[in-house]
Structure formats: structure tokens, C-alpha cells
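Undergrad: One file: input.cif (mmCIF, C-alpha atoms).
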data_model
#
loop_
_atom_site.group_PDB
_atom_site.id
_atom_site.type_symbol
_atom_site.label_atom_id
_atom_site.label_comp_id
_atom_site.auth_asym_id
_atom_site.auth_seq_id
_atom_site.Cartn_x
_atom_site.Cartn_y
_atom_site.Cartn_z
ATOM 1 C CA MET A 280 157.647 -3.268 10.298
ATOM 2 C CA ARG A 281 159.881 -0.327 11.158
ATOM 3 C CA GLN A 282 163.533 -1.274 11.395
ATOM 4 C CA LEU A 283 164.306 1.031 14.312
ATOM 5 C CA SER A 284 164.355 1.195 18.060
ATOM 6 C CA PHE A 285 161.865 4.052 18.250
ATOM 7 C CA ASN A 286 158.876 4.382 15.997
ATOM 8 C CA ARG A 287 157.316 7.815 15.640
ATOM 9 C CA ARG A 288 154.972 7.557 18.613
ATOM 10 C CA GLN A 289 157.539 5.891 20.846
ATOM 11 C CA ALA A 290 160.107 8.552 20.066
ATOM 12 C CA LEU A 291 157.711 11.342 20.985
ATOM 13 C CA ALA A 292 156.621 9.545 24.136
ATOM 14 C CA LEU A 293 160.206 9.051 25.245
ATOM 15 C CA LEU A 294 160.971 12.683 24.566
ATOM 16 C CA ALA A 295 158.048 13.760 26.679
ATOM 17 C CA LEU A 296 158.357 11.263 29.525
ATOM 18 C CA ALA A 297 162.035 10.390 29.773
ATOM 19 C CA GLY A 298 164.800 12.744 30.762
ATOM 20 C CA LEU A 299 166.347 12.532 27.282
ATOM 21 C CA GLY A 300 163.978 15.031 25.737
ATOM 22 C CA ALA A 301 163.424 17.334 28.689
ATOM 23 C CA VAL A 302 164.455 20.834 27.659
ATOM 24 C CA PRO A 303 163.996 24.146 29.451
ATOM 25 C CA GLN A 304 160.847 26.015 28.455
ATOM 26 C CA VAL A 305 162.772 28.903 26.993
ATOM 27 C CA GLU A 306 162.627 30.599 23.645
ATOM 28 C CA VAL A 307 165.414 29.889 21.176
ATOM 29 C CA ASP A 308 166.297 31.562 17.926
ATOM 30 C CA LEU A 309 166.069 28.328 15.963
ATOM 31 C CA ALA A 310 164.733 24.801 16.408
ATOM 32 C CA LEU A 311 166.716 22.700 13.925
ATOM 33 C CA VAL A 312 166.098 19.061 12.968
ATOM 34 C CA LEU A 313 169.000 17.256 11.269
ATOM 35 C CA ALA A 314 167.802 14.441 8.974
ATOM 36 C CA ILE A 315 170.699 12.176 7.934
ATOM 37 C CA ASP A 316 170.432 9.854 4.916
ATOM 38 C CA CYS A 317 171.211 6.176 5.616
ATOM 39 C CA SER A 318 169.691 4.627 2.493
ATOM 40 C CA TYR A 319 171.276 1.875 0.362
ATOM 41 C CA SER A 320 173.244 4.426 -1.655
ATOM 42 C CA VAL A 321 175.145 5.609 1.431
ATOM 43 C CA ARG A 322 178.091 3.287 2.055
ATOM 44 C CA THR A 323 179.520 2.731 5.530
ATOM 45 C CA ASP A 324 182.483 5.008 4.860
ATOM 46 C CA GLU A 325 180.163 7.678 3.458
ATOM 47 C CA TYR A 326 178.003 7.521 6.582
ATOM 48 C CA ARG A 327 181.122 8.100 8.669
ATOM 49 C CA GLN A 328 182.058 11.066 6.471
ATOM 50 C CA GLN A 329 178.600 12.519 7.094
ATOM 51 C CA MET A 330 178.828 12.181 10.855
ATOM 52 C CA GLN A 331 182.429 13.359 11.052
ATOM 53 C CA GLY A 332 181.578 16.386 8.934
ATOM 54 C CA LEU A 333 178.481 17.171 10.960
ATOM 55 C CA GLY A 334 180.225 16.678 14.286
ATOM 56 C CA ARG A 335 183.231 18.786 13.369
ATOM 57 C CA ALA A 336 180.948 21.515 12.029
ATOM 58 C CA PHE A 337 179.343 21.953 15.447
ATOM 59 C CA MET A 338 182.812 21.986 16.997
ATOM 60 C CA ASN A 339 183.900 24.771 14.618
ATOM 61 C CA PRO A 340 183.893 28.247 16.244
ATOM 62 C CA MET A 341 181.992 29.605 13.219
ATOM 63 C CA VAL A 342 178.865 27.737 14.317
ATOM 64 C CA PHE A 343 178.770 29.100 17.848
ATOM 65 C CA GLU A 344 179.670 32.574 16.585
ATOM 66 C CA ALA A 345 176.573 32.352 14.377
ATOM 67 C CA ILE A 346 174.481 31.207 17.357
ATOM 68 C CA ALA A 347 175.779 34.056 19.511
ATOM 69 C CA ARG A 348 174.656 36.641 16.943
ATOM 70 C CA GLY A 349 170.985 35.691 17.369
ATOM 71 C CA PRO A 350 168.570 37.673 19.579
ATOM 72 C CA GLN A 351 168.438 34.860 22.157
ATOM 73 C CA SER A 352 171.978 33.561 21.485
ATOM 74 C CA ARG A 353 170.781 29.964 21.684
ATOM 75 C CA ILE A 354 169.313 27.299 19.444
ATOM 76 C CA ALA A 355 167.796 23.830 19.881
ATOM 77 C CA VAL A 356 168.923 20.860 17.785
ATOM 78 C CA SER A 357 167.623 17.319 17.277
ATOM 79 C CA ALA A 358 168.862 14.629 14.860
ATOM 80 C CA PHE A 359 167.715 11.354 13.333
ATOM 81 C CA LEU A 360 168.775 8.775 10.744
ATOM 82 C CA TRP A 361 166.434 7.773 7.929
ATOM 83 C CA SER A 362 166.113 5.490 4.925
ATOM 84 C CA GLU A 363 162.873 3.951 3.588
ATOM 85 C CA ASP A 364 159.259 4.734 4.442
ATOM 86 C CA GLN A 365 159.197 2.812 7.708
ATOM 87 C CA SER A 366 162.767 3.472 8.889
ATOM 88 C CA GLN A 367 163.665 6.494 10.968
ATOM 89 C CA LYS A 368 165.835 6.394 14.087
ATOM 90 C CA LEU A 369 166.117 9.212 16.600
ATOM 91 C CA ILE A 370 169.769 9.610 17.615
ATOM 92 C CA MET A 371 169.686 12.958 19.429
ATOM 93 C CA PRO A 372 166.668 14.362 21.281
ATOM 94 C CA TRP A 373 166.357 18.126 21.570
ATOM 95 C CA LYS A 374 169.465 19.796 22.950
ATOM 96 C CA ILE A 375 169.843 23.478 23.772
ATOM 97 C CA ILE A 376 173.084 25.035 22.524
ATOM 98 C CA ALA A 377 173.812 28.310 24.287
ATOM 99 C CA SER A 378 177.574 28.137 24.789
ATOM 100 C CA ALA A 379 180.703 27.133 22.905
ATOM 101 C CA LYS A 380 181.062 24.181 25.278
ATOM 102 C CA GLN A 381 177.542 22.917 24.476
ATOM 103 C CA ALA A 382 178.226 23.262 20.744
ATOM 104 C CA PHE A 383 181.457 21.276 21.125
ATOM 105 C CA THR A 384 179.723 18.588 23.210
ATOM 106 C CA THR A 385 176.952 18.247 20.625
ATOM 107 C CA GLY A 386 179.516 17.929 17.837
ATOM 108 C CA ASN A 387 181.499 15.339 19.753
ATOM 109 C CA TYR A 388 178.337 13.295 20.325
ATOM 110 C CA LEU A 389 177.374 13.339 16.643
ATOM 111 C CA LEU A 390 180.932 12.565 15.571
ATOM 112 C CA TYR A 391 180.827 9.121 17.193
ATOM 113 C CA THR A 392 177.180 8.170 16.638
ATOM 114 C CA ALA A 393 176.864 4.686 15.128
ATOM 115 C CA ARG A 394 174.727 3.837 12.111
ATOM 116 C CA ASP A 395 171.974 2.192 14.117
ATOM 117 C CA ILE A 396 169.531 1.684 11.246
ATOM 118 C CA GLN A 397 169.311 -0.767 8.361
ATOM 119 C CA PRO A 398 170.146 0.528 4.852
ATOM 120 C CA ALA A 399 167.031 0.571 2.697
ATOM 121 C CA GLY A 400 165.197 2.713 0.147
ATOM 122 C CA THR A 401 165.050 6.503 0.072
ATOM 123 C CA SER A 402 161.950 8.105 1.566
ATOM 124 C CA ILE A 403 162.572 11.826 1.822
ATOM 125 C CA SER A 404 158.836 12.343 2.333
ATOM 126 C CA SER A 405 158.652 10.057 5.383
ATOM 127 C CA ALA A 406 161.791 11.679 6.805
ATOM 128 C CA LEU A 407 160.121 15.074 6.523
ATOM 129 C CA GLN A 408 157.011 13.760 8.267
ATOM 130 C CA PHE A 409 159.148 12.333 11.075
ATOM 131 C CA ALA A 410 160.886 15.697 11.380
ATOM 132 C CA GLN A 411 157.559 17.505 11.661
ATOM 133 C CA ASP A 412 156.517 15.165 14.472
ATOM 134 C CA LEU A 413 159.690 16.010 16.378
ATOM 135 C CA PHE A 414 158.710 19.680 16.472
ATOM 136 C CA GLU A 415 155.784 18.722 18.718
ATOM 137 C CA THR A 416 158.297 18.415 21.580
ATOM 138 C CA ALA A 417 160.624 21.262 20.576
ATOM 139 C CA PRO A 418 161.109 24.357 22.724
ATOM 140 C CA SER A 419 159.410 27.501 21.489
ATOM 141 C CA SER A 420 161.441 29.125 18.744
ATOM 142 C CA LEU A 421 161.548 32.082 16.404
ATOM 143 C CA ARG A 422 162.191 29.742 13.447
ATOM 144 C CA ARG A 423 161.746 26.019 12.755
ATOM 145 C CA VAL A 424 163.946 24.366 10.133
ATOM 146 C CA VAL A 425 164.507 20.848 8.789
ATOM 147 C CA ASP A 426 168.034 20.264 7.478
ATOM 148 C CA ILE A 427 167.855 17.163 5.260
ATOM 149 C CA SER A 428 170.944 15.631 3.635
ATOM 150 C CA THR A 429 170.624 13.101 0.799
ATOM 151 C CA ASP A 430 172.310 11.662 -2.286
ATOM 152 C CA GLY A 431 169.163 10.286 -3.908
ATOM 153 C CA LEU A 432 165.600 10.830 -5.101
ATOM 154 C CA ASN A 433 162.485 9.900 -3.168
ATOM 155 C CA ASN A 434 161.492 6.324 -4.080
ATOM 156 C CA SER A 435 159.153 5.225 -1.271
ATOM 157 C CA GLY A 436 156.572 6.608 1.091
ATOM 158 C CA PRO A 437 153.933 9.294 0.564
ATOM 159 C CA ARG A 438 154.139 11.937 -2.134
ATOM 160 C CA ILE A 439 156.638 14.647 -1.285
ATOM 161 C CA LYS A 440 154.298 17.414 -2.411
ATOM 162 C CA VAL A 441 151.693 16.419 0.182
ATOM 163 C CA ILE A 442 154.191 16.305 3.045
ATOM 164 C CA ARG A 443 155.931 19.492 1.947
ATOM 165 C CA GLU A 444 152.604 21.330 1.997
ATOM 166 C CA LYS A 445 151.945 20.071 5.532
ATOM 167 C CA LEU A 446 155.269 21.452 6.745
ATOM 168 C CA ALA A 447 154.681 24.735 4.922
ATOM 169 C CA ALA A 448 151.294 25.067 6.636
ATOM 170 C CA ALA A 449 153.049 24.550 9.985
ATOM 171 C CA ASN A 450 155.571 27.312 9.131
ATOM 172 C CA ILE A 451 158.483 24.856 9.001
ATOM 173 C CA THR A 452 161.276 25.629 6.534
ATOM 174 C CA ILE A 453 162.913 22.757 4.629
ATOM 175 C CA ASN A 454 166.523 23.097 3.479
ATOM 176 C CA ALA A 455 168.543 20.388 1.732
ATOM 177 C CA LEU A 456 172.137 19.310 1.222
ATOM 178 C CA ALA A 457 172.578 17.497 -2.089
ATOM 179 C CA VAL A 458 175.472 15.045 -2.404
ATOM 180 C CA VAL A 459 175.683 14.729 -6.188
ATOM 181 C CA ASN A 460 178.097 11.812 -6.478
ATOM 182 C CA GLU A 461 175.454 9.613 -8.141
ATOM 183 C CA VAL A 462 172.403 11.662 -9.182
ATOM 184 C CA THR A 463 173.368 14.589 -11.395
ATOM 185 C CA VAL A 464 169.866 16.128 -11.336
ATOM 186 C CA LEU A 465 169.650 16.095 -7.542
ATOM 187 C CA VAL A 466 170.029 19.847 -6.997
ATOM 188 C CA PRO A 467 167.183 20.898 -9.327
ATOM 189 C CA TYR A 468 165.073 18.003 -8.013
ATOM 190 C CA LEU A 469 165.443 19.163 -4.419
ATOM 191 C CA LYS A 470 164.793 22.778 -5.399
ATOM 192 C CA GLU A 471 161.609 21.885 -7.262
ATOM 193 C CA GLN A 472 160.249 19.033 -5.144
ATOM 194 C CA VAL A 473 161.554 19.281 -1.587
ATOM 195 C CA ILE A 474 162.667 22.622 -0.161
ATOM 196 C CA SER A 475 160.043 25.038 1.125
ATOM 197 C CA GLY A 476 159.653 28.117 3.275
ATOM 198 C CA GLU A 477 161.106 31.597 3.576
ATOM 199 C CA GLY A 478 164.796 31.666 2.678
ATOM 200 C CA SER A 479 164.891 27.927 1.885
ATOM 201 C CA PHE A 480 167.877 26.705 -0.114
ATOM 202 C CA VAL A 481 169.836 23.727 -1.423
ATOM 203 C CA MET A 482 173.539 23.393 -0.610
ATOM 204 C CA LYS A 483 175.608 21.241 -2.980
ATOM 205 C CA ALA A 484 178.442 18.829 -2.164
ATOM 206 C CA ASP A 485 180.114 17.153 -5.150
ATOM 207 C CA SER A 486 180.968 14.093 -3.042
ATOM 208 C CA TYR A 487 181.069 12.866 0.550
ATOM 209 C CA ASP A 488 184.728 13.904 0.618
ATOM 210 C CA VAL A 489 183.603 17.535 0.827
ATOM 211 C CA TYR A 490 180.437 16.933 2.848
ATOM 212 C CA GLY A 491 182.005 18.475 5.948
ATOM 213 C CA GLU A 492 182.750 21.768 4.189
ATOM 214 C CA ALA A 493 179.227 21.943 2.785
ATOM 215 C CA ILE A 494 177.439 21.138 6.057
ATOM 216 C CA LEU A 495 179.482 23.769 7.894
ATOM 217 C CA ARG A 496 178.413 26.448 5.403
ATOM 218 C CA LYS A 497 174.849 25.169 5.553
ATOM 219 C CA LEU A 498 174.637 25.268 9.350
ATOM 220 C CA VAL A 499 176.031 28.804 9.542
ATOM 221 C CA LYS A 500 173.505 29.953 6.938
ATOM 222 C CA GLU A 501 170.606 28.223 8.687
ATOM 223 C CA ILE A 502 171.534 29.503 12.127
ATOM 224 C CA THR A 503 172.048 33.063 10.961
ATOM 225 C CA GLY A 504 168.869 33.094 8.898
ATOM 226 C CA SER A 505 167.897 34.059 5.373
ATOM 227 C CA GLY A 506 169.802 36.623 3.395
ATOM 228 C CA ILE A 507 173.266 35.216 4.180
ATOM 229 C CA SER A 508 175.401 34.175 1.203
#
Here is a file; write its structure as C-alpha cells.

TA:
Amino acid sequence: MRQLSFNRRQALALLALAGLGAVPQVEVDLALVLAIDCSYSVRTDEYRQQMQGLGRAFMNPMVFEAIARGPQSRIAVSAFLWSEDQSQKLIMPWKIIASAKQAFTTGNYLLYTARDIQPAGTSISSALQFAQDLFETAPSSLRRVVDISTDGLNNSGPRIKVIREKLAAANITINALAVVNEVTVLVPYLKEQVISGEGSFVMKADSYDVYGEAILRKLVKEITGSGIS
């Protein structure tokens, strides 16, 4: 049984039928899915560091400045929590960010989002599949990117290679943020096994203490596109 309020089908249905997921039918520069690790290895304080870092990143002027440089000057963002194969929880349906105020509001929302999912194993592959499903309700975009953060290796769910190939076939880029406080080989693992697509990359954070700095750099790079150092 999934330990979540929305399973995959329910989440998509709610996005389509409820007001939560209703977004204008406009083109955006980027449709970005944020996949946030909530597995056993992520302690309560580390979860809070993730959300505080993510929230404050969206509130940083650098993020909206990056958005404003795009051809459409707007992006769409969705976010979910994940752990084992059967545990993913949608926490933010698609939101359009086209102003500094909307970026700040999004950041403030993420900053205070509770950990509404049970800690369990680490299924990066199932998280990627859940992310792909979310794109079914995304606004049309020039680019589609999954931003997955993790501190561990895949240990449940389908084979990553199979899911990664599905996302590649759908022209979805996978980027990763590696928190290497426990698994020293995490960066090469994510480079070899997980990331995919044009300009895909792994960003490294040595611990959750510096997660906020890393996710800010990562978001600016993702929003601006490939070729940014």
C-alpha cells in the first residue's frame, strides 16, 4: 500500500479536476519538477534544511532574475516528496512563476511544507516515474526537467536504467543534487545511473548544512539552461 494521500492516478486526477492544478494554457520556458528525498537516511532536521534551502532559493532575487532572462520570462514548477517504491506525495501542483512576487510566494510555501510522508527506502526510479506522470498535466514548455535531490542509492522499485530511458524518450532532462554526507560514491553513481538529457548535471552538497547554497546554484543553472557554469 502507498503511504501517501495521493497515489499516482489520484494526484493526476486532482490536478486535472480540482482547482489546485489548473494552470493557464500558456507556454513557459521551463516545466520543472522538484523531487525531494524523504527516505530513512533523511533525518527530521535534514528534511527541514532541505525545505528551508529550497524555499529561500526561490525567494532569492537570483532565481527570478534567471526566470526573467528566458524568452517567455516564466516557468512552471511542481514538487513532491518521495521515499520507497510505493511512497510519493504531491506537495505542490503546477504553479506558474512569472513575477518576483510569485517566486517569493512559491518559496514561502515550500519553506513551511511539512514532511507528510513516512520515511522508508530509497526508490529514485519510482520517483522519476512519478515525476514523468506529473508532466502529463504540465503547461506546454520549451524544456522539461526533473530536479531530484538525494543522499542515497536506489534500493527499491524498478531498474533505474529502464525508467531513465523512458524519460529520455519523452525528452525530459534529469538533473540531480547529491548530498554526500553518507555515500561517498554518490556523485559518480548519479552521473552514471541517473542523470539524462541535454545539459544534464549533478550538483554536489557535502552536507545538508550547505544544501541551500547548492540548490540555489542548481535552480539558477536549470532555469537558465545548459551551458551555464

Undergrad: Using the chain letters and numbers from the file, which residues does the PyMOL selection byres ((chain A and resi 394) around 8) grab, as a list in words?

TA: Cys317, Tyr326, Leu360, Thr392, Ala393, Asp395 and Ile396 of chain A

Undergrad: Using all atoms listed in the file, which residues sit within 7 Å of range 319-323 of chain A once same-chain residues fewer than 3 positions away are excluded, as a ChimeraX atom specification?

TA: /A:326-327,398-400

Undergrad: Could you please determine the separation between CA of Arg348 in chain A and CA of Tyr487 in chain A in Å, to one decimal place?

TA: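 Calculated distance between CA of Arg348 in chain A and CA of Tyr487 in chain A is 29.6 Å.
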
Undergrad: Edge lengths and centre in Å to one decimal, as lines of an AutoDock Vina configuration file, is what I'm after for the box along x, y and z that holds all listed atoms of range 428-446 of chain A once 3 Å is added on each side.

TA:
center_x = 162.0
center_y = 13.3
center_z = 0.8
size_x = 26.6
size_y = 22.2
size_z = 17.8

Undergrad: Taking only C-alpha atoms into account, which of A:Gln381, A:Ser428, A:Asn450, A:Gln397 comes nearest Lys368 in chain A?

TA: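 Nearest candidate to Lys368 in chain A out of A:Gln381, A:Ser428, A:Asn450, A:Gln397: A:Gln397.
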